[in-house]
Amino acid sequence: MQPYLWPRRLPALVYDFYERQLARSLKMDRIPNHIGVMVDGNRRWAKQFNAPTRHGHQAGADKILEFLGWCQELGVKVVTLYMLSTDNMGRSADELDELMGIIANTLDLLDADANISVHAMGAPELLPDYLSDRLSTLAARRPELECIHVNVAIGYGGRREIVDAVRELLHDAVSEGRDIGELADELAVEDISKYLYTRGQPDPDLVIRTSGEQRLSGFLMWQSAYSEFYFCEALWPAFRKIDFLRALRDYAGRHRRFGA
């Protein structure tokens, strides 16, 4: 190797070495089973480069596919991605049109992976027909060998999820001829959990939010009651595998008490 190439290659070599060291330090029995991710910072990332907002959304979509590859390597079984909130629906029509198209293309790429199952979370009536139809078709697909299950939260709001769960519970009770007063007296946490968008799935062990923000913004409000949280300064498109490994290392070092 010629000497003048060393300054360029040295950071990459150091990064690769550190990444391998971090990966080897992880205990596989401490890898989270279910990880929730708030993919935040796409627009700010684009602004840093004076690039159009759509470039940030596309870079964020590309990072999602890369991230899911990391999760499969490490044996994570369930990932929930907060891709578009109900609050985001108030953005300009032009930005939303571009973002919906990028999300649709990302779903096509997920559909191309036979080992991924996908579950849609959110309000399909808030989305354009082509996107809600694509979500419905993708969610109906059952892979022969599931390596990872991916929940895509699109048009999602945590408060709305709880309201939808209670509404569905009440409709079922009425259709079964149950007395609403008795239902109110007997209502338990498990009754509502059965009607959440993630029904039948384990609650997230770890929730990661990028971009330096330290709030839930309505993400999995019910399910994250005992989740561990990790806040990362990196904007989502700049989130590296080394950042992910650090999050897993931090998680592994915590003692989960579950309120005890």
# chains A, B, ... in the order shown; residues from 1 in each chain; ligands from 1
>>> select_by_dssp(residues="stretch 110-247 of chain A", states="alpha helix (DSSP H)", output="mmCIF file with N, CA, C and O atoms, in the first residue's frame")
data_model
loop_
_atom_site.group_PDB
_atom_site.id
_atom_site.type_symbol
_atom_site.label_atom_id
_atom_site.label_comp_id
_atom_site.auth_asym_id
_atom_site.auth_seq_id
_atom_site.Cartn_x
_atom_site.Cartn_y
_atom_site.Cartn_z
ATOM 1 N N LEU A 110 -38.941 -4.526 1.223
ATOM 2 C CA LEU A 110 -39.202 -5.477 2.306
ATOM 3 C C LEU A 110 -39.944 -6.700 1.771
ATOM 4 O O LEU A 110 -39.679 -7.834 2.181
ATOM 5 N N ASP A 111 -40.847 -6.458 0.840
ATOM 6 C CA ASP A 111 -41.617 -7.552 0.250
ATOM 7 C C ASP A 111 -40.715 -8.505 -0.533
ATOM 8 O O ASP A 111 -41.006 -9.704 -0.641
ATOM 9 N N ASP A 129 -54.652 5.618 -1.091
ATOM 10 C CA ASP A 129 -55.119 4.253 -1.327
ATOM 11 C C ASP A 129 -53.993 3.318 -1.745
ATOM 12 O O ASP A 129 -53.935 2.163 -1.299
ATOM 13 N N TYR A 130 -53.093 3.793 -2.596
ATOM 14 C CA TYR A 130 -52.042 2.897 -3.090
ATOM 15 C C TYR A 130 -51.143 2.427 -1.955
ATOM 16 O O TYR A 130 -50.652 1.292 -1.964
ATOM 17 N N LEU A 131 -50.939 3.289 -0.946
ATOM 18 C CA LEU A 131 -50.074 2.910 0.170
ATOM 19 C C LEU A 131 -50.804 1.999 1.145
ATOM 20 O O LEU A 131 -50.239 0.994 1.611
ATOM 21 N N SER A 132 -52.041 2.318 1.474
ATOM 22 C CA SER A 132 -52.800 1.448 2.392
ATOM 23 C C SER A 132 -53.034 0.077 1.774
ATOM 24 O O SER A 132 -52.986 -0.944 2.466
ATOM 25 N N ASP A 133 -53.266 0.035 0.444
ATOM 26 C CA ASP A 133 -53.439 -1.265 -0.231
ATOM 27 C C ASP A 133 -52.144 -2.074 -0.180
ATOM 28 O O ASP A 133 -52.166 -3.293 0.033
ATOM 29 N N ARG A 134 -51.038 -1.393 -0.368
ATOM 30 C CA ARG A 134 -49.749 -2.084 -0.346
ATOM 31 C C ARG A 134 -49.465 -2.636 1.047
ATOM 32 O O ARG A 134 -48.960 -3.751 1.203
ATOM 33 N N LEU A 135 -49.787 -1.870 2.067
ATOM 34 C CA LEU A 135 -49.600 -2.328 3.444
ATOM 35 C C LEU A 135 -50.468 -3.554 3.728
ATOM 36 O O LEU A 135 -50.022 -4.517 4.354
ATOM 37 N N SER A 136 -51.706 -3.515 3.268
ATOM 38 C CA SER A 136 -52.626 -4.626 3.502
ATOM 39 C C SER A 136 -52.130 -5.901 2.818
ATOM 40 O O SER A 136 -52.142 -6.987 3.406
ATOM 41 N N THR A 137 -51.664 -5.761 1.569
ATOM 42 C CA THR A 137 -51.166 -6.922 0.832
ATOM 43 C C THR A 137 -49.918 -7.494 1.476
ATOM 44 O O THR A 137 -49.771 -8.712 1.628
ATOM 45 N N LEU A 138 -49.028 -6.605 1.896
ATOM 46 C CA LEU A 138 -47.773 -7.049 2.497
ATOM 47 C C LEU A 138 -48.017 -7.725 3.838
ATOM 48 O O LEU A 138 -47.383 -8.732 4.169
ATOM 49 N N ALA A 139 -48.958 -7.191 4.610
ATOM 50 C CA ALA A 139 -49.247 -7.761 5.925
ATOM 51 C C ALA A 139 -49.879 -9.147 5.814
ATOM 52 O O ALA A 139 -49.764 -9.958 6.735
ATOM 53 N N ALA A 140 -50.530 -9.409 4.681
ATOM 54 C CA ALA A 140 -51.180 -10.714 4.493
ATOM 55 C C ALA A 140 -50.189 -11.793 4.080
ATOM 56 O O ALA A 140 -50.504 -12.987 4.151
ATOM 57 N N GLY A 158 -49.873 7.037 19.277
ATOM 58 C CA GLY A 158 -50.025 6.189 20.450
ATOM 59 C C GLY A 158 -51.358 6.352 21.147
ATOM 60 O O GLY A 158 -51.972 5.365 21.592
ATOM 61 N N ARG A 159 -51.840 7.578 21.258
ATOM 62 C CA ARG A 159 -53.135 7.790 21.897
ATOM 63 C C ARG A 159 -54.251 7.184 21.054
ATOM 64 O O ARG A 159 -55.190 6.580 21.580
ATOM 65 N N ARG A 160 -54.121 7.371 19.749
ATOM 66 C CA ARG A 160 -55.135 6.810 18.857
ATOM 67 C C ARG A 160 -55.155 5.292 18.962
ATOM 68 O O ARG A 160 -56.232 4.668 18.913
ATOM 69 N N GLU A 161 -54.000 4.665 19.095
ATOM 70 C CA GLU A 161 -53.960 3.209 19.223
ATOM 71 C C GLU A 161 -54.756 2.744 20.439
ATOM 72 O O GLU A 161 -55.521 1.767 20.359
ATOM 73 N N ILE A 162 -54.596 3.438 21.555
ATOM 74 C CA ILE A 162 -55.316 3.049 22.773
ATOM 75 C C ILE A 162 -56.818 3.267 22.603
ATOM 76 O O ILE A 162 -57.639 2.431 22.999
ATOM 77 N N VAL A 163 -57.189 4.389 21.983
ATOM 78 C CA VAL A 163 -58.611 4.645 21.727
ATOM 79 C C VAL A 163 -59.185 3.582 20.802
ATOM 80 O O VAL A 163 -60.284 3.060 21.037
ATOM 81 N N ASP A 164 -58.441 3.239 19.745
ATOM 82 C CA ASP A 164 -58.913 2.193 18.818
ATOM 83 C C ASP A 164 -59.078 0.866 19.540
ATOM 84 O O ASP A 164 -60.028 0.111 19.262
ATOM 85 N N ALA A 165 -58.146 0.557 20.457
ATOM 86 C CA ALA A 165 -58.230 -0.703 21.197
ATOM 87 C C ALA A 165 -59.485 -0.742 22.068
ATOM 88 O O ALA A 165 -60.216 -1.746 22.086
ATOM 89 N N VAL A 166 -59.743 0.343 22.785
ATOM 90 C CA VAL A 166 -60.927 0.390 23.654
ATOM 91 C C VAL A 166 -62.199 0.355 22.819
ATOM 92 O O VAL A 166 -63.174 -0.334 23.169
ATOM 93 N N ARG A 167 -62.198 1.068 21.688
ATOM 94 C CA ARG A 167 -63.376 1.081 20.814
ATOM 95 C C ARG A 167 -63.692 -0.330 20.299
ATOM 96 O O ARG A 167 -64.843 -0.774 20.330
ATOM 97 N N GLU A 168 -62.659 -1.037 19.866
ATOM 98 C CA GLU A 168 -62.871 -2.390 19.354
ATOM 99 C C GLU A 168 -63.337 -3.330 20.461
ATOM 100 O O GLU A 168 -64.202 -4.193 20.250
ATOM 101 N N LEU A 169 -62.765 -3.155 21.637
ATOM 102 C CA LEU A 169 -63.182 -3.976 22.777
ATOM 103 C C LEU A 169 -64.663 -3.766 23.073
ATOM 104 O O LEU A 169 -65.420 -4.734 23.293
ATOM 105 N N LEU A 170 -65.104 -2.507 23.063
ATOM 106 C CA LEU A 170 -66.512 -2.204 23.360
ATOM 107 C C LEU A 170 -67.434 -2.746 22.275
ATOM 108 O O LEU A 170 -68.510 -3.287 22.571
ATOM 109 N N HIS A 171 -67.031 -2.602 21.016
ATOM 110 C CA HIS A 171 -67.857 -3.135 19.928
ATOM 111 C C HIS A 171 -68.018 -4.645 20.068
ATOM 112 O O HIS A 171 -69.124 -5.182 19.868
ATOM 113 N N ASP A 172 -66.929 -5.341 20.406
ATOM 114 C CA ASP A 172 -67.010 -6.788 20.580
ATOM 115 C C ASP A 172 -67.924 -7.142 21.753
ATOM 116 O O ASP A 172 -68.699 -8.111 21.678
ATOM 117 N N ALA A 173 -67.818 -6.369 22.821
ATOM 118 C CA ALA A 173 -68.661 -6.633 23.993
ATOM 119 C C ALA A 173 -70.136 -6.481 23.654
ATOM 120 O O ALA A 173 -70.979 -7.301 24.056
ATOM 121 N N VAL A 174 -70.468 -5.437 22.906
ATOM 122 C CA VAL A 174 -71.864 -5.203 22.520
ATOM 123 C C VAL A 174 -72.361 -6.329 21.616
ATOM 124 O O VAL A 174 -73.477 -6.847 21.782
ATOM 125 N N SER A 175 -71.533 -6.732 20.650
ATOM 126 C CA SER A 175 -71.939 -7.794 19.721
ATOM 127 C C SER A 175 -72.131 -9.129 20.441
ATOM 128 O O SER A 175 -72.904 -9.982 19.992
ATOM 129 N N ILE A 180 -72.264 -3.490 29.572
ATOM 130 C CA ILE A 180 -71.129 -2.558 29.573
ATOM 131 C C ILE A 180 -70.708 -2.199 30.999
ATOM 132 O O ILE A 180 -69.520 -2.011 31.289
ATOM 133 N N GLY A 181 -71.684 -2.109 31.888
ATOM 134 C CA GLY A 181 -71.355 -1.813 33.285
ATOM 135 C C GLY A 181 -70.503 -2.911 33.895
ATOM 136 O O GLY A 181 -69.517 -2.635 34.594
ATOM 137 N N GLU A 182 -70.867 -4.155 33.631
ATOM 138 C CA GLU A 182 -70.078 -5.273 34.145
ATOM 139 C C GLU A 182 -68.684 -5.282 33.519
ATOM 140 O O GLU A 182 -67.695 -5.564 34.193
ATOM 141 N N LEU A 183 -68.637 -4.963 32.226
ATOM 142 C CA LEU A 183 -67.342 -4.900 31.555
ATOM 143 C C LEU A 183 -66.447 -3.872 32.222
ATOM 144 O O LEU A 183 -65.255 -4.124 32.453
ATOM 145 N N ALA A 184 -67.006 -2.702 32.547
ATOM 146 C CA ALA A 184 -66.224 -1.649 33.198
ATOM 147 C C ALA A 184 -65.689 -2.120 34.543
ATOM 148 O O ALA A 184 -64.535 -1.829 34.912
ATOM 149 N N ASP A 185 -66.500 -2.854 35.277
ATOM 150 C CA ASP A 185 -66.068 -3.333 36.596
ATOM 151 C C ASP A 185 -64.970 -4.386 36.494
ATOM 152 O O ASP A 185 -64.097 -4.475 37.361
ATOM 153 N N GLU A 186 -65.017 -5.186 35.420
ATOM 154 C CA GLU A 186 -64.088 -6.305 35.293
ATOM 155 C C GLU A 186 -62.864 -5.986 34.429
ATOM 156 O O GLU A 186 -61.953 -6.814 34.330
ATOM 157 N N VAL A 189 -55.923 -4.812 32.530
ATOM 158 C CA VAL A 189 -54.887 -4.389 31.591
ATOM 159 C C VAL A 189 -54.817 -5.343 30.401
ATOM 160 O O VAL A 189 -54.700 -4.920 29.243
ATOM 161 N N GLU A 190 -54.894 -6.623 30.677
ATOM 162 C CA GLU A 190 -54.776 -7.624 29.620
ATOM 163 C C GLU A 190 -55.889 -7.502 28.596
ATOM 164 O O GLU A 190 -55.695 -7.823 27.416
ATOM 165 N N ASP A 191 -57.068 -7.028 29.030
ATOM 166 C CA ASP A 191 -58.192 -6.894 28.104
ATOM 167 C C ASP A 191 -57.886 -5.877 27.013
ATOM 168 O O ASP A 191 -58.228 -6.073 25.846
ATOM 169 N N ILE A 192 -57.246 -4.783 27.387
ATOM 170 C CA ILE A 192 -56.894 -3.760 26.396
ATOM 171 C C ILE A 192 -55.710 -4.218 25.551
ATOM 172 O O ILE A 192 -55.676 -3.994 24.339
ATOM 173 N N SER A 193 -54.745 -4.877 26.171
ATOM 174 C CA SER A 193 -53.574 -5.355 25.437
ATOM 175 C C SER A 193 -53.968 -6.259 24.270
ATOM 176 O O SER A 193 -53.305 -6.272 23.225
ATOM 177 N N LYS A 241 -23.680 1.344 12.386
ATOM 178 C CA LYS A 241 -23.742 0.074 13.102
ATOM 179 C C LYS A 241 -23.061 0.197 14.458
ATOM 180 O O LYS A 241 -23.492 -0.409 15.445
ATOM 181 N N ILE A 242 -22.026 1.017 14.516
ATOM 182 C CA ILE A 242 -21.315 1.200 15.786
ATOM 183 C C ILE A 242 -22.219 1.871 16.820
ATOM 184 O O ILE A 242 -22.148 1.577 18.020
ATOM 185 N N ASP A 243 -23.112 2.771 16.350
ATOM 186 C CA ASP A 243 -24.076 3.402 17.255
ATOM 187 C C ASP A 243 -25.074 2.362 17.764
ATOM 188 O O ASP A 243 -25.462 2.377 18.943
ATOM 189 N N PHE A 244 -25.476 1.469 16.876
ATOM 190 C CA PHE A 244 -26.407 0.408 17.262
ATOM 191 C C PHE A 244 -25.773 -0.533 18.281
ATOM 192 O O PHE A 244 -26.394 -0.898 19.289
ATOM 193 N N LEU A 245 -24.540 -0.910 18.047
ATOM 194 C CA LEU A 245 -23.845 -1.803 18.974
ATOM 195 C C LEU A 245 -23.665 -1.147 20.335
ATOM 196 O O LEU A 245 -23.756 -1.815 21.370
ATOM 197 N N ARG A 246 -23.420 0.143 20.344
ATOM 198 C CA ARG A 246 -23.312 0.859 21.625
ATOM 199 C C ARG A 246 -24.642 0.831 22.368
ATOM 200 O O ARG A 246 -24.684 0.680 23.593
ATOM 201 N N ALA A 247 -25.737 0.986 21.633
ATOM 202 C CA ALA A 247 -27.060 0.916 22.260
ATOM 203 C C ALA A 247 -27.289 -0.455 22.870
ATOM 204 O O ALA A 247 -27.805 -0.578 23.994
#
>>> closest_residue(among="A:Phe49, A:Trp222, A:Tyr82, A:Tyr195", to="A:Asn151", atoms="only C-alpha atoms")
A:Tyr82
>>> atom_distance(atom1="atom CA of A:Arg209", atom2="atom CA of A:Leu81")
10.4 Å
>>> atom_distance(atom1="atom CA of A:Phe258", atom2="atom CA of A:Tyr230")
16.8 Å
>>> closest_residue(among="A:Leu196, A:Met89, A:Leu65, A:Ile35", to="A:Ala112", atoms="only C-alpha atoms")
A:Leu65
>>> residues_around(residues="A:Gln72", least_positions_apart="2", cutoff="10 Å", atoms="only C-alpha atoms", output="JSON, numbers by chain")
{"A": [67, 68, 69, 70, 74, 75, 76, 77, 78, 115, 116, 147, 148, 149]}
>>> write_last_selection(atoms="N, CA and C atoms", output="PDB file, in the first residue's frame")
ATOM      1  N   PHE A  67     -30.363  -1.198   8.700  1.00  0.00           N
ATOM      2  CA  PHE A  67     -30.593  -1.491  10.113  1.00  0.00           C
ATOM      3  C   PHE A  67     -31.213  -2.876  10.296  1.00  0.00           C
ATOM      4  N   LEU A  68     -32.187  -3.214   9.471  1.00  0.00           N
ATOM      5  CA  LEU A  68     -32.822  -4.526   9.585  1.00  0.00           C
ATOM      6  C   LEU A  68     -31.821  -5.645   9.312  1.00  0.00           C
ATOM      7  N   GLY A  69     -30.859  -5.383   8.441  1.00  0.00           N
ATOM      8  CA  GLY A  69     -29.788  -6.360   8.220  1.00  0.00           C
ATOM      9  C   GLY A  69     -28.960  -6.565   9.473  1.00  0.00           C
ATOM     10  N   TRP A  70     -28.643  -5.481  10.168  1.00  0.00           N
ATOM     11  CA  TRP A  70     -27.890  -5.608  11.430  1.00  0.00           C
ATOM     12  C   TRP A  70     -28.685  -6.433  12.430  1.00  0.00           C
ATOM     13  N   LEU A  74     -27.764 -10.162  14.340  1.00  0.00           N
ATOM     14  CA  LEU A  74     -27.633 -10.311  15.784  1.00  0.00           C
ATOM     15  C   LEU A  74     -28.769 -11.109  16.415  1.00  0.00           C
ATOM     16  N   GLY A  75     -29.750 -11.517  15.618  1.00  0.00           N
ATOM     17  CA  GLY A  75     -30.809 -12.365  16.144  1.00  0.00           C
ATOM     18  C   GLY A  75     -31.976 -11.642  16.773  1.00  0.00           C
ATOM     19  N   VAL A  76     -32.138 -10.350  16.504  1.00  0.00           N
ATOM     20  CA  VAL A  76     -33.321  -9.624  16.976  1.00  0.00           C
ATOM     21  C   VAL A  76     -34.535 -10.164  16.230  1.00  0.00           C
ATOM     22  N   LYS A  77     -35.587 -10.490  16.945  1.00  0.00           N
ATOM     23  CA  LYS A  77     -36.732 -11.163  16.341  1.00  0.00           C
ATOM     24  C   LYS A  77     -37.832 -10.215  15.869  1.00  0.00           C
ATOM     25  N   VAL A  78     -38.013  -9.097  16.583  1.00  0.00           N
ATOM     26  CA  VAL A  78     -39.095  -8.160  16.255  1.00  0.00           C
ATOM     27  C   VAL A  78     -38.541  -6.736  16.252  1.00  0.00           C
ATOM     28  N   ASN A 115     -37.682 -13.600   3.937  1.00  0.00           N
ATOM     29  CA  ASN A 115     -37.524 -13.953   5.346  1.00  0.00           C
ATOM     30  C   ASN A 115     -38.110 -12.916   6.300  1.00  0.00           C
ATOM     31  N   ILE A 116     -38.689 -11.855   5.752  1.00  0.00           N
ATOM     32  CA  ILE A 116     -39.248 -10.786   6.577  1.00  0.00           C
ATOM     33  C   ILE A 116     -40.768 -10.834   6.532  1.00  0.00           C
ATOM     34  N   CYS A 147     -37.285 -14.791   9.575  1.00  0.00           N
ATOM     35  CA  CYS A 147     -36.086 -14.437  10.335  1.00  0.00           C
ATOM     36  C   CYS A 147     -36.317 -13.232  11.228  1.00  0.00           C
ATOM     37  N   ILE A 148     -37.212 -12.350  10.787  1.00  0.00           N
ATOM     38  CA  ILE A 148     -37.483 -11.155  11.569  1.00  0.00           C
ATOM     39  C   ILE A 148     -38.885 -10.662  11.236  1.00  0.00           C
ATOM     40  N   HIS A 149     -39.570 -10.163  12.259  1.00  0.00           N
ATOM     41  CA  HIS A 149     -40.912  -9.599  12.099  1.00  0.00           C
ATOM     42  C   HIS A 149     -40.801  -8.083  12.235  1.00  0.00           C
TER      43      HIS A 149
END
>>> closest_residue(among="A:Ile64, A:Phe229, A:His57, A:Val14", to="A:Leu216", atoms="only C-alpha atoms")
A:Phe229
>>> closest_residue(among="A:Pro237, A:Gly56, A:Pro204, A:Gly90", to="A:Val37", atoms="only C-alpha atoms")
A:Pro204
>>> atom_distance(atom1="atom CA of A:Glu228", atom2="atom CA of A:Asp250")
9.8 Å
>>> select_by_dssp(residues="stretch 38-196 of chain A", states="strand (DSSP E or B)", output="list in words")
Met38, Val78, Val79, Thr80, Leu81, Tyr82, Met83, Leu84, Ser85, Ile116, Ser117, Val118, His119, Ala120, Met121, Ile148, His149, Val150, Asn151, Val152, Ala153, Ile154, Gly155 and Tyr156 of chain A
>>> closest_residue(among="A:Gly253, A:Gly101, A:Gly36, A:Gly157", to="A:Met121", atoms="only C-alpha atoms")
A:Gly157
>>> decode(residues="stretch 66-77 of chain A", atoms="all heavy atoms", output="mmCIF file, in the first residue's frame")
data_model
loop_
_atom_site.group_PDB
_atom_site.id
_atom_site.type_symbol
_atom_site.label_atom_id
_atom_site.label_comp_id
_atom_site.auth_asym_id
_atom_site.auth_seq_id
_atom_site.Cartn_x
_atom_site.Cartn_y
_atom_site.Cartn_z
ATOM 1 N N GLU A 66 -30.695 -1.146 5.932
ATOM 2 C CA GLU A 66 -29.398 -1.499 6.499
ATOM 3 C C GLU A 66 -29.558 -1.936 7.957
ATOM 4 O O GLU A 66 -28.981 -2.931 8.396
ATOM 5 C CB GLU A 66 -28.454 -0.303 6.394
ATOM 6 C CG GLU A 66 -27.022 -0.589 6.809
ATOM 7 C CD GLU A 66 -26.120 0.621 6.646
ATOM 8 O OE1 GLU A 66 -26.620 1.728 6.344
ATOM 9 O OE2 GLU A 66 -24.901 0.467 6.844
ATOM 10 N N PHE A 67 -30.363 -1.198 8.700
ATOM 11 C CA PHE A 67 -30.593 -1.491 10.113
ATOM 12 C C PHE A 67 -31.213 -2.876 10.296
ATOM 13 O O PHE A 67 -30.821 -3.637 11.192
ATOM 14 C CB PHE A 67 -31.506 -0.419 10.723
ATOM 15 C CG PHE A 67 -31.869 -0.658 12.155
ATOM 16 C CD1 PHE A 67 -30.978 -0.354 13.173
ATOM 17 C CD2 PHE A 67 -33.103 -1.190 12.495
ATOM 18 C CE1 PHE A 67 -31.311 -0.575 14.506
ATOM 19 C CE2 PHE A 67 -33.445 -1.416 13.818
ATOM 20 C CZ PHE A 67 -32.538 -1.113 14.822
ATOM 21 N N LEU A 68 -32.187 -3.214 9.471
ATOM 22 C CA LEU A 68 -32.822 -4.526 9.585
ATOM 23 C C LEU A 68 -31.821 -5.645 9.312
ATOM 24 O O LEU A 68 -31.912 -6.725 9.896
ATOM 25 C CB LEU A 68 -34.007 -4.618 8.622
ATOM 26 C CG LEU A 68 -35.205 -3.718 8.959
ATOM 27 C CD1 LEU A 68 -36.286 -3.844 7.901
ATOM 28 C CD2 LEU A 68 -35.773 -4.038 10.337
ATOM 29 N N GLY A 69 -30.859 -5.383 8.441
ATOM 30 C CA GLY A 69 -29.788 -6.360 8.220
ATOM 31 C C GLY A 69 -28.960 -6.565 9.473
ATOM 32 O O GLY A 69 -28.617 -7.714 9.818
ATOM 33 N N TRP A 70 -28.643 -5.481 10.168
ATOM 34 C CA TRP A 70 -27.890 -5.608 11.430
ATOM 35 C C TRP A 70 -28.685 -6.433 12.430
ATOM 36 O O TRP A 70 -28.120 -7.286 13.134
ATOM 37 C CB TRP A 70 -27.614 -4.239 12.033
ATOM 38 C CG TRP A 70 -26.851 -3.294 11.164
ATOM 39 C CD1 TRP A 70 -26.033 -3.611 10.109
ATOM 40 C CD2 TRP A 70 -26.833 -1.865 11.271
ATOM 41 N NE1 TRP A 70 -25.514 -2.462 9.565
ATOM 42 C CE2 TRP A 70 -25.977 -1.383 10.256
ATOM 43 C CE3 TRP A 70 -27.440 -0.946 12.135
ATOM 44 C CZ2 TRP A 70 -25.724 -0.026 10.071
ATOM 45 C CZ3 TRP A 70 -27.203 0.402 11.960
ATOM 46 C CH2 TRP A 70 -26.355 0.850 10.940
ATOM 47 N N CYS A 71 -29.991 -6.160 12.511
ATOM 48 C CA CYS A 71 -30.838 -6.876 13.473
ATOM 49 C C CYS A 71 -30.874 -8.372 13.161
ATOM 50 O O CYS A 71 -30.813 -9.205 14.076
ATOM 51 C CB CYS A 71 -32.253 -6.293 13.453
ATOM 52 S SG CYS A 71 -32.385 -4.645 14.190
ATOM 53 N N GLN A 72 -30.960 -8.709 11.902
ATOM 54 C CA GLN A 72 -30.977 -10.123 11.534
ATOM 55 C C GLN A 72 -29.649 -10.788 11.875
ATOM 56 O O GLN A 72 -29.624 -11.941 12.327
ATOM 57 C CB GLN A 72 -31.281 -10.266 10.041
ATOM 58 C CG GLN A 72 -32.719 -9.900 9.684
ATOM 59 C CD GLN A 72 -33.057 -10.217 8.242
ATOM 60 O OE1 GLN A 72 -33.130 -11.380 7.859
ATOM 61 N NE2 GLN A 72 -33.269 -9.190 7.434
ATOM 62 N N GLU A 73 -28.546 -10.088 11.670
ATOM 63 C CA GLU A 73 -27.229 -10.635 12.016
ATOM 64 C C GLU A 73 -27.148 -10.990 13.495
ATOM 65 O O GLU A 73 -26.533 -11.993 13.873
ATOM 66 C CB GLU A 73 -26.137 -9.613 11.696
ATOM 67 C CG GLU A 73 -25.834 -9.412 10.225
ATOM 68 C CD GLU A 73 -24.817 -8.315 10.025
ATOM 69 O OE1 GLU A 73 -24.130 -7.935 11.023
ATOM 70 O OE2 GLU A 73 -24.692 -7.808 8.900
ATOM 71 N N LEU A 74 -27.764 -10.162 14.340
ATOM 72 C CA LEU A 74 -27.633 -10.311 15.784
ATOM 73 C C LEU A 74 -28.769 -11.109 16.415
ATOM 74 O O LEU A 74 -28.769 -11.337 17.619
ATOM 75 C CB LEU A 74 -27.544 -8.924 16.441
ATOM 76 C CG LEU A 74 -26.267 -8.145 16.107
ATOM 77 C CD1 LEU A 74 -26.412 -6.684 16.480
ATOM 78 C CD2 LEU A 74 -25.073 -8.761 16.834
ATOM 79 N N GLY A 75 -29.750 -11.517 15.618
ATOM 80 C CA GLY A 75 -30.809 -12.365 16.144
ATOM 81 C C GLY A 75 -31.976 -11.642 16.773
ATOM 82 O O GLY A 75 -32.756 -12.256 17.515
ATOM 83 N N VAL A 76 -32.138 -10.350 16.504
ATOM 84 C CA VAL A 76 -33.321 -9.624 16.976
ATOM 85 C C VAL A 76 -34.535 -10.164 16.230
ATOM 86 O O VAL A 76 -34.517 -10.289 15.000
ATOM 87 C CB VAL A 76 -33.171 -8.109 16.732
ATOM 88 C CG1 VAL A 76 -34.437 -7.370 17.165
ATOM 89 C CG2 VAL A 76 -31.953 -7.572 17.470
ATOM 90 N N LYS A 77 -35.587 -10.490 16.945
ATOM 91 C CA LYS A 77 -36.732 -11.163 16.341
ATOM 92 C C LYS A 77 -37.832 -10.215 15.869
ATOM 93 O O LYS A 77 -38.541 -10.499 14.897
ATOM 94 C CB LYS A 77 -37.338 -12.168 17.327
ATOM 95 C CG LYS A 77 -36.376 -13.279 17.735
ATOM 96 C CD LYS A 77 -35.887 -14.057 16.525
ATOM 97 C CE LYS A 77 -34.969 -15.199 16.935
ATOM 98 N NZ LYS A 77 -34.412 -15.907 15.747
#
